[in-house]
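Trainee: Got a file for you: upload-v8.csv, CSV, C-alpha atoms.
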```csv
chain,number,residue,atom,x,y,z
Z,1,MET,CA,-20.1,21.2,3.4
Z,2,PRO,CA,-23.8,22.3,3.6
Z,3,GLY,CA,-24.9,18.7,3.3
Z,4,VAL,CA,-24.0,15.3,2.0
Z,5,VAL,CA,-26.4,13.4,-0.2
Z,6,LEU,CA,-25.9,9.6,0.0
Z,7,ALA,CA,-27.0,7.5,-2.9
Z,8,ASP,CA,-28.1,3.9,-2.5
Z,9,GLY,CA,-25.1,1.9,-1.1
Z,10,ASP,CA,-23.2,5.0,0.0
Z,11,LEU,CA,-21.8,5.7,3.4
Z,12,LEU,CA,-20.5,8.7,5.4
Z,13,VAL,CA,-17.5,7.8,7.5
Z,14,THR,CA,-16.0,9.8,10.3
Z,15,VAL,CA,-12.2,9.6,9.9
Z,16,GLU,CA,-10.3,8.4,13.0
Z,17,LEU,CA,-6.8,8.7,11.5
Z,18,ALA,CA,-5.2,9.1,8.1
Z,19,THR,CA,-1.5,8.6,7.1
Z,20,VAL,CA,0.5,10.3,4.4
Z,21,CYS,CA,1.4,8.1,1.5
Z,22,GLY,CA,4.4,8.8,-0.7
Z,23,SER,CA,2.1,9.5,-3.6
Z,24,ASP,CA,0.5,12.4,-1.6
Z,25,VAL,CA,3.9,13.9,-1.3
Z,26,HIS,CA,4.6,13.4,-5.0
Z,27,THR,CA,1.4,15.1,-5.9
Z,28,VAL,CA,2.1,18.1,-3.7
Z,29,GLN,CA,5.7,18.3,-5.2
Z,30,GLY,CA,4.3,18.2,-8.7
Z,31,HIS,CA,5.7,14.8,-9.7
Z,32,ARG,CA,2.2,13.4,-10.2
Z,33,SER,CA,-0.5,15.2,-12.1
Z,34,ALA,CA,-3.8,15.7,-10.3
Z,35,ALA,CA,-7.0,17.5,-11.1
Z,36,THR,CA,-7.6,20.3,-8.6
Z,37,PRO,CA,-9.2,21.3,-6.3
Z,38,LEU,CA,-9.1,17.9,-4.6
Z,39,VAL,CA,-8.9,16.4,-1.1
Z,40,LEU,CA,-5.7,14.3,-0.8
Z,41,GLY,CA,-5.4,11.2,1.4
Z,42,HIS,CA,-6.1,7.6,0.7
Z,43,GLU,CA,-4.8,5.7,3.8
Z,44,TYR,CA,-7.4,5.9,6.6
Z,45,VAL,CA,-9.5,4.2,9.3
Z,46,GLY,CA,-12.8,5.5,10.6
Z,47,ARG,CA,-16.3,4.7,11.8
Z,48,VAL,CA,-19.6,4.6,9.9
Z,49,HIS,CA,-21.5,7.8,10.6
Z,50,SER,CA,-24.5,7.2,8.4
Z,51,LEU,CA,-25.5,5.0,5.4
Z,52,GLN,CA,-28.0,4.6,2.7
Z,53,GLY,CA,-29.5,1.2,1.7
Z,54,GLU,CA,-27.6,-1.9,2.7
Z,55,PRO,CA,-23.9,-1.5,2.0
Z,56,ARG,CA,-21.9,-4.6,2.9
Z,57,THR,CA,-18.3,-5.5,3.6
Z,58,VAL,CA,-16.1,-7.5,1.3
Z,59,ASP,CA,-17.2,-10.6,3.2
Z,60,GLY,CA,-20.9,-9.8,2.7
Z,61,VAL,CA,-21.6,-8.6,6.2
Z,62,ARG,CA,-24.1,-5.8,6.4
Z,63,LEU,CA,-22.6,-2.6,7.8
Z,64,ARG,CA,-24.2,-0.5,10.6
Z,65,GLU,CA,-23.6,2.9,12.1
Z,66,GLY,CA,-20.7,2.8,14.5
Z,67,ASP,CA,-18.8,0.1,12.8
Z,68,ARG,CA,-15.1,0.7,12.7
Z,69,VAL,CA,-13.9,0.2,9.1
Z,70,VAL,CA,-11.1,0.6,6.5
Z,71,TRP,CA,-12.0,1.0,2.9
Z,72,SER,CA,-10.2,0.7,-0.4
Z,73,ILE,CA,-8.6,3.5,-2.3
Z,74,MET,CA,-11.2,3.2,-5.1
Z,75,ALA,CA,-14.8,2.6,-6.0
Z,76,SER,CA,-15.7,0.6,-9.1
Z,77,CYS,CA,-18.9,0.1,-11.1
Z,78,ARG,CA,-18.9,-3.7,-10.7
Z,79,ALA,CA,-20.5,-4.1,-14.1
Z,80,CYS,CA,-17.9,-3.2,-16.8
Z,81,ASP,CA,-15.8,-5.8,-18.7
Z,82,ARG,CA,-12.8,-5.2,-16.4
Z,83,CYS,CA,-14.8,-5.5,-13.2
Z,84,MET,CA,-16.4,-8.7,-14.6
Z,85,LYS,CA,-12.9,-10.1,-15.3
Z,86,GLY,CA,-11.9,-9.6,-11.7
Z,87,LEU,CA,-10.0,-6.3,-12.2
Z,88,PRO,CA,-12.2,-3.8,-10.4
Z,89,GLN,CA,-9.1,-1.7,-9.6
Z,90,LYS,CA,-9.0,-0.9,-13.4
Z,91,CYS,CA,-12.7,-0.3,-13.7
Z,92,ARG,CA,-13.6,1.8,-16.7
Z,93,ALA,CA,-15.6,4.2,-14.4
Z,94,LEU,CA,-13.1,4.1,-11.6
Z,95,LEU,CA,-13.2,6.7,-8.8
Z,96,LYS,CA,-10.2,7.0,-6.5
Z,97,TYR,CA,-10.2,8.6,-3.1
Z,98,GLY,CA,-7.7,11.3,-2.6
Z,99,HIS,CA,-7.1,11.6,-6.4
Z,100,GLU,CA,-10.4,13.0,-7.8
Z,101,ARG,CA,-11.4,16.6,-8.4
Z,102,ILE,CA,-14.0,17.9,-6.0
Z,103,GLY,CA,-17.4,17.6,-7.7
Z,104,GLY,CA,-21.0,18.2,-6.9
Z,105,ARG,CA,-22.4,15.7,-4.5
Z,106,TRP,CA,-19.0,14.2,-3.9
Z,107,GLU,CA,-17.0,16.9,-2.2
Z,108,LEU,CA,-15.8,14.7,0.7
Z,109,ASN,CA,-13.7,12.4,-1.5
Z,110,GLY,CA,-10.3,12.2,0.3
Z,111,GLY,CA,-8.9,11.1,3.7
Z,112,PHE,CA,-7.4,14.4,4.9
Z,113,ALA,CA,-10.7,15.5,6.3
Z,114,THR,CA,-13.1,14.9,9.2
Z,115,HIS,CA,-15.4,12.8,7.0
Z,116,VAL,CA,-15.3,10.8,3.8
Z,117,HIS,CA,-18.2,10.1,1.5
Z,118,LEU,CA,-17.9,6.4,0.5
Z,119,ARG,CA,-19.4,5.6,-2.9
Z,120,ALA,CA,-21.2,2.3,-3.7
Z,121,GLY,CA,-18.6,-0.1,-5.2
Z,122,THR,CA,-16.0,0.6,-2.5
Z,123,ALA,CA,-14.4,-2.4,-0.8
Z,124,ILE,CA,-15.0,-2.1,2.9
Z,125,VAL,CA,-13.6,-4.3,5.7
Z,126,LYS,CA,-14.6,-4.2,9.4
Z,127,VAL,CA,-11.8,-4.0,11.9
Z,128,ASP,CA,-11.4,-4.7,15.6
Z,129,ASP,CA,-11.1,-2.0,18.1
Z,130,SER,CA,-8.0,-3.7,19.5
Z,131,LEU,CA,-5.8,-2.7,16.5
Z,132,PRO,CA,-4.2,0.7,16.7
Z,133,ALA,CA,-5.2,3.3,14.2
Z,134,GLU,CA,-1.5,3.8,13.2
Z,135,VAL,CA,-1.4,0.1,12.1
Z,136,LEU,CA,-4.7,0.1,10.3
Z,137,ALA,CA,-4.6,3.3,8.3
Z,138,PRO,CA,-1.8,2.3,5.9
Z,139,ALA,CA,-3.6,-1.0,5.3
Z,140,THR,CA,-5.8,0.6,2.6
Z,141,CYS,CA,-2.8,1.4,0.4
Z,142,GLY,CA,0.7,0.2,1.4
Z,143,THR,CA,-0.3,-3.0,3.4
Z,144,ALA,CA,-2.9,-4.2,0.8
Z,145,THR,CA,-0.5,-3.5,-2.0
Z,146,ALA,CA,2.2,-5.5,-0.2
Z,147,TRP,CA,-0.2,-8.4,0.3
Z,148,ALA,CA,-1.1,-8.3,-3.4
Z,149,ALA,CA,2.6,-8.3,-4.5
Z,150,VAL,CA,3.5,-11.3,-2.4
Z,151,ASP,CA,0.3,-13.1,-3.5
Z,152,ARG,CA,0.9,-12.5,-7.2
Z,153,ALA,CA,4.5,-13.8,-6.8
Z,154,ASP,CA,3.2,-16.9,-5.0
Z,155,ASP,CA,1.0,-17.5,-8.1
Z,156,ILE,CA,4.2,-18.1,-10.1
Z,157,VAL,CA,6.8,-19.3,-7.6
Z,158,ASP,CA,6.1,-21.1,-4.4
Z,159,VAL,CA,7.2,-18.5,-1.9
Z,160,ASP,CA,7.7,-21.1,0.8
Z,161,ASP,CA,11.4,-21.6,1.1
Z,162,ALA,CA,12.1,-19.3,-1.8
Z,163,ILE,CA,14.8,-16.7,-1.9
Z,164,VAL,CA,12.9,-13.4,-2.0
Z,165,LEU,CA,14.6,-10.1,-2.7
Z,166,VAL,CA,12.7,-7.0,-1.7
Z,167,LEU,CA,14.0,-3.7,-3.2
Z,168,GLY,CA,13.1,-0.8,-1.1
Z,169,ALA,CA,12.4,-0.7,2.7
Z,170,GLY,CA,9.5,1.7,2.7
Z,171,LEU,CA,6.1,0.6,4.1
Z,172,ILE,CA,5.4,-1.7,1.2
Z,173,GLY,CA,8.8,-3.3,1.2
Z,174,LEU,CA,9.0,-3.8,4.9
Z,175,THR,CA,5.4,-5.2,5.0
Z,176,ALA,CA,6.1,-7.5,2.0
Z,177,SER,CA,9.2,-8.8,3.8
Z,178,ALA,CA,7.2,-9.8,6.9
Z,179,MET,CA,4.4,-11.4,4.8
Z,180,ALA,CA,6.9,-13.3,2.6
Z,181,ALA,CA,8.8,-14.5,5.7
Z,182,ASP,CA,5.6,-15.7,7.3
Z,183,ARG,CA,4.9,-17.7,4.1
Z,184,GLY,CA,8.3,-19.5,4.7
Z,185,ALA,CA,10.5,-17.4,2.4
Z,186,ARG,CA,14.1,-16.4,3.1
Z,187,VAL,CA,13.9,-12.7,2.6
Z,188,ILE,CA,16.7,-10.3,1.6
Z,189,VAL,CA,16.0,-6.6,1.6
Z,190,ALA,CA,18.0,-4.0,-0.2
Z,191,ASP,CA,17.9,-0.3,0.6
Z,192,LEU,CA,20.2,2.7,0.4
Z,193,ASP,CA,19.4,3.8,4.0
Z,194,PRO,CA,21.3,1.9,6.7
Z,195,VAL,CA,18.5,2.8,9.2
Z,196,ARG,CA,15.9,1.2,7.0
Z,197,ARG,CA,18.2,-1.8,6.5
Z,198,GLU,CA,18.3,-2.3,10.2
Z,199,LEU,CA,14.5,-2.0,10.4
Z,200,ALA,CA,14.1,-4.6,7.7
Z,201,LEU,CA,15.8,-7.2,10.0
Z,202,ARG,CA,12.9,-6.6,12.4
Z,203,PHE,CA,10.4,-7.4,9.6
Z,204,GLY,CA,11.5,-10.9,8.9
Z,205,ALA,CA,14.5,-10.3,6.6
Z,206,VAL,CA,17.4,-12.7,7.1
Z,207,SER,CA,19.8,-10.1,5.5
Z,208,ALA,CA,19.7,-6.4,4.6
Z,209,VAL,CA,22.1,-5.2,1.9
Z,210,ASP,CA,23.2,-2.0,0.2
Z,211,PRO,CA,22.1,-2.2,-3.4
Z,212,ARG,CA,25.2,-0.3,-4.5
Z,213,ASP,CA,27.4,-3.3,-3.5
Z,214,PRO,CA,26.5,-6.4,-5.6
Z,215,ASP,CA,28.8,-8.5,-3.6
Z,216,GLN,CA,26.6,-8.0,-0.5
Z,217,LEU,CA,23.7,-9.5,-2.3
Z,218,SER,CA,25.6,-12.5,-3.7
Z,219,GLU,CA,26.9,-13.2,-0.2
Z,220,ALA,CA,23.5,-12.8,1.3
Z,221,VAL,CA,22.0,-15.4,-1.1
Z,222,VAL,CA,24.8,-17.9,-0.2
Z,223,ARG,CA,24.2,-17.3,3.5
Z,224,ALA,CA,20.5,-17.9,3.1
Z,225,GLY,CA,21.3,-21.3,1.6
Z,226,GLY,CA,20.2,-20.4,-2.0
Z,227,ALA,CA,21.8,-20.5,-5.4
Z,228,GLU,CA,19.9,-17.6,-7.0
Z,229,VAL,CA,17.0,-15.2,-6.3
Z,230,ASP,CA,13.6,-16.8,-7.0
Z,231,VAL,CA,11.4,-13.7,-6.5
Z,232,VAL,CA,12.1,-10.0,-6.7
Z,233,ILE,CA,9.6,-7.5,-5.4
Z,234,GLU,CA,10.5,-4.0,-6.5
Z,235,ALA,CA,8.9,-1.5,-4.1
Z,236,SER,CA,11.0,1.6,-4.5
Z,237,GLY,CA,10.1,2.9,-7.9
Z,238,SER,CA,13.7,3.6,-8.7
Z,239,ARG,CA,14.6,3.1,-12.3
Z,240,ALA,CA,18.0,1.6,-11.2
Z,241,ALA,CA,16.1,-0.8,-8.9
Z,242,VAL,CA,13.9,-2.0,-11.8
Z,243,VAL,CA,17.0,-2.7,-13.9
Z,244,SER,CA,18.5,-4.5,-11.0
Z,245,ALA,CA,15.4,-6.6,-10.5
Z,246,LEU,CA,15.4,-7.8,-14.1
Z,247,GLU,CA,19.1,-8.6,-14.1
Z,248,THR,CA,19.1,-10.3,-10.7
Z,249,VAL,CA,16.2,-12.7,-10.8
Z,250,GLY,CA,17.1,-16.4,-11.4
Z,251,VAL,CA,15.9,-19.0,-13.9
Z,252,GLY,CA,12.1,-19.5,-13.6
Z,253,GLY,CA,11.8,-16.6,-11.3
Z,254,VAL,CA,9.3,-13.8,-11.1
Z,255,VAL,CA,9.7,-10.0,-10.8
Z,256,VAL,CA,6.8,-8.1,-9.3
Z,257,LEU,CA,7.0,-4.4,-10.0
Z,258,VAL,CA,5.1,-2.3,-7.4
Z,259,GLY,CA,6.9,1.0,-6.9
Z,260,SER,CA,6.8,2.4,-10.4
Z,261,VAL,CA,3.7,4.7,-10.0
Z,262,PHE,CA,5.3,7.9,-11.3
Z,263,ALA,CA,7.1,8.7,-14.5
Z,264,THR,CA,10.7,7.6,-15.0
Z,265,PRO,CA,12.9,7.0,-18.0
Z,266,SER,CA,12.1,3.8,-19.8
Z,267,VAL,CA,14.0,0.6,-19.0
Z,268,ALA,CA,15.6,-1.6,-21.6
Z,269,VAL,CA,14.6,-5.2,-21.5
Z,270,ASP,CA,16.7,-8.0,-23.0
Z,271,PRO,CA,14.0,-10.3,-24.5
Z,272,GLU,CA,16.4,-13.2,-25.0
Z,273,LEU,CA,17.2,-13.1,-21.3
Z,274,VAL,CA,13.6,-13.2,-20.3
Z,275,VAL,CA,12.8,-16.0,-22.7
Z,276,ARG,CA,15.8,-18.2,-22.0
Z,277,ASN,CA,15.6,-17.8,-18.2
Z,278,LEU,CA,11.8,-18.3,-18.2
Z,279,VAL,CA,11.3,-15.0,-16.3
Z,280,THR,CA,7.8,-13.7,-15.4
Z,281,VAL,CA,7.3,-10.0,-14.9
Z,282,ARG,CA,4.1,-8.9,-13.2
Z,283,GLY,CA,2.8,-5.5,-12.4
Z,284,VAL,CA,0.8,-4.7,-9.3
Z,285,HIS,CA,-1.1,-1.4,-9.1
Z,286,ASN,CA,-3.7,-0.9,-6.4
Z,287,TYR,CA,-5.3,-4.2,-5.5
Z,288,ARG,CA,-8.4,-6.3,-5.5
Z,289,PRO,CA,-11.0,-6.3,-2.7
Z,290,ARG,CA,-9.8,-9.7,-1.5
Z,291,ASP,CA,-6.3,-8.2,-1.1
Z,292,LEU,CA,-7.6,-5.6,1.3
Z,293,ALA,CA,-9.4,-8.3,3.3
Z,294,GLY,CA,-6.2,-10.4,3.3
Z,295,ALA,CA,-4.1,-7.5,4.5
Z,296,VAL,CA,-6.4,-6.7,7.3
Z,297,ASN,CA,-6.7,-10.3,8.4
Z,298,TYR,CA,-2.9,-10.5,8.4
Z,299,LEU,CA,-2.6,-7.4,10.6
Z,300,HIS,CA,-5.2,-8.9,13.0
Z,301,ARG,CA,-2.9,-12.0,13.3
Z,302,ARG,CA,0.6,-10.6,13.1
Z,303,SER,CA,0.6,-6.9,13.9
Z,304,THR,CA,2.3,-7.5,17.3
Z,305,THR,CA,4.9,-9.9,15.8
Z,306,TYR,CA,6.5,-7.2,13.8
Z,307,PRO,CA,6.8,-3.5,14.9
Z,308,PHE,CA,4.1,-2.1,12.5
Z,309,ALA,CA,3.0,0.5,15.0
Z,310,GLU,CA,6.5,2.0,15.0
Z,311,LEU,CA,6.3,2.7,11.3
Z,312,THR,CA,4.0,5.7,11.9
Z,313,GLY,CA,5.7,8.7,13.5
Z,314,ASP,CA,4.2,12.0,14.7
Z,315,ARG,CA,0.5,12.8,14.6
Z,316,TYR,CA,-0.4,16.2,13.2
Z,317,PRO,CA,-3.8,17.9,13.5
Z,318,LEU,CA,-5.7,18.5,10.3
Z,319,SER,CA,-4.9,22.3,10.6
Z,320,GLN,CA,-1.2,21.4,10.3
Z,321,LEU,CA,-1.6,19.2,7.2
Z,322,ASP,CA,1.1,21.2,5.3
Z,323,ASP,CA,3.5,20.4,8.1
Z,324,ALA,CA,2.6,16.7,8.0
Z,325,LEU,CA,3.3,16.6,4.2
Z,326,ALA,CA,6.6,18.4,4.7
Z,327,ALA,CA,7.6,15.9,7.4
Z,328,ALA,CA,6.7,13.0,5.2
Z,329,ALA,CA,8.8,14.5,2.4
Z,330,ARG,CA,11.8,14.7,4.7
Z,331,GLY,CA,11.4,11.0,5.5
Z,332,GLU,CA,11.1,11.6,9.3
Z,333,ALA,CA,9.2,8.3,9.6
Z,334,VAL,CA,7.9,5.6,7.3
Z,335,ARG,CA,4.5,7.1,7.7
Z,336,VAL,CA,3.3,10.5,9.2
Z,337,ALA,CA,-0.2,10.6,10.6
Z,338,VAL,CA,-2.9,13.2,10.3
Z,339,ASP,CA,-5.5,13.2,13.1
Z,340,PRO,CA,-8.7,15.1,12.3
Z,341,THR,CA,-9.9,14.7,15.9
Z,342,ALA,CA,-7.0,16.7,17.3
Z,343,GLY,CA,-7.4,20.4,18.1
Z,344,ALA,CA,-5.4,23.0,16.3
Z,345,THR,CA,-3.3,23.7,19.4
Z,346,SER,CA,-2.5,20.1,20.2
Z,347,GLY,CA,0.9,20.2,18.4
Z,348,ARG,CA,2.3,16.9,17.3
```
Would you write out, as structure tokens, the structure that this file holds?
Mentor:
Amino acid sequence: MPGVVLADGDLLVTVELATVCGSDVHTVQGHRSAATPLVLGHEYVGRVHSLQGEPRTVDGVRLREGDRVVWSIMASCRACDRCMKGLPQKCRALLKYGHERIGGRWELNGGFATHVHLRAGTAIVKVDDSLPAEVLAPATCGTATAWAAVDRADDIVDVDDAIVLVLGAGLIGLTASAMAADRGARVIVADLDPVRRELALRFGAVSAVDPRDPDQLSEAVVRAGGAEVDVVIEASGSRAAVVSALETVGVGGVVVLVGSVFATPSVAVDPELVVRNLVTVRGVHNYRPRDLAGAVNYLHRRSTTYPFAELTGDRYPLSQLDDALAAAARGEAVRVAVDPTAGATSGR
């Protein structure tokens, strides 16, 4: 880039590390539409390189050059009707990092780069130097979304001592399991992959079951001392999992749909079942600024209690981004890292 022009409230951040989200892979594979050319990447951690005006963190702290930060996956106008209703993630003038077409004066708009141009209206949170970049980078998408999912469920059903079923043991599902367990829930995780099921037991789950065997879930609920499932967090995006979530949740329960961020065939809903069983269905897409702050605070407190650092596998230099995306598509790790500070000859 010949030069970056910062408007009032903008920042230029040097990227320390980025991680590959599943939606990056889906975009490359053609399962998600995207305006090209664009810079992918929306999970990241970095340091403030320069700034214009007085940009502040979510907590109102003035930012300065050299601050280590994470930032939300979006920038909002803070003035439209949706922003004023507390839904900045659905701003009518929303800009999303890693999803927008490159444009004049905003070329550096994705995380797979050495620098990112942060626009005014971006939620920013300062982070400690003590936390590993591998733990922090996913906070801006997966971890914050998991926090939002558990928090929205807690609005409806007291998660403390509830039976919580998490469908999908990816980063969101594993993180939601740990967060719900820390709020006092008895968590059951369902995933097709036996390795992921074993991993779920290290993230607070009392049981991990194969979703293809309904008896395993019934037995897990009994072993957990419950009569039915109070909360279902669907984090896989699988159509079959969504159907299972709606069929499994108990009376007065809540289903939080998180994973359905790409097109799938429609799901039939039995309205009588929803009405008679007093079921609440909530959708969580992206998150509010307070969710990012909550997720980061959680990592500061609990990142060593659970093996968050192990969720990120190999690091690839930016010059080997295609290899990183391919490794993520193969599922070699829950997250694959892209290190823009590494040289082209550094390998993994």
Trainee: So how far away is atom CA of Z:Gly252 from atom CA of Z:Arg276, in Å?
Mentor: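 Rounded to one decimal, the two atoms are 9.3 Å apart.
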Trainee: Could you name the residues that touch Z:Ala268 at 9 Å or less, counting only C-alpha atoms, but leaving out those on the same chain fewer than 2 positions away, as a VMD selection string?
Mentor: chain Z and resid 243 266 270
Trainee: Of the candidates Z:Val135, Z:Val284, Z:Val187, Z:Leu174, which one gets nearest to Z:Asp161 if we count all atoms listed in the file?
Mentor: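 The answer is Z:Val187, which sits nearest to Z:Asp161.
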Trainee: Name the residues within 12 Å of (13.8, -14.1, -21.7), counting only C-alpha atoms in the file's coordinates, and put them as a list in words.
Mentor: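 Protein and nucleic acid residues near the point are Leu246, Glu247, Val249, Gly250, Val251, Gly252, Gly253, Val254, Val269, Asp270, Pro271, Glu272, Leu273, Val274, Val275, Arg276, Asn277, Leu278, Val279, Thr280 and Val281 of chain Z.
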Trainee: Can you tell me, as an MDAnalysis selection string, what residues are no more than 10 Å from Z:Thr248 when counting only C-alpha atoms, ignoring any on the same chain fewer than 2 positions away?
Mentor: chainID Z and resid 165 214 217:218 228:232 242:246 250:251 253 255
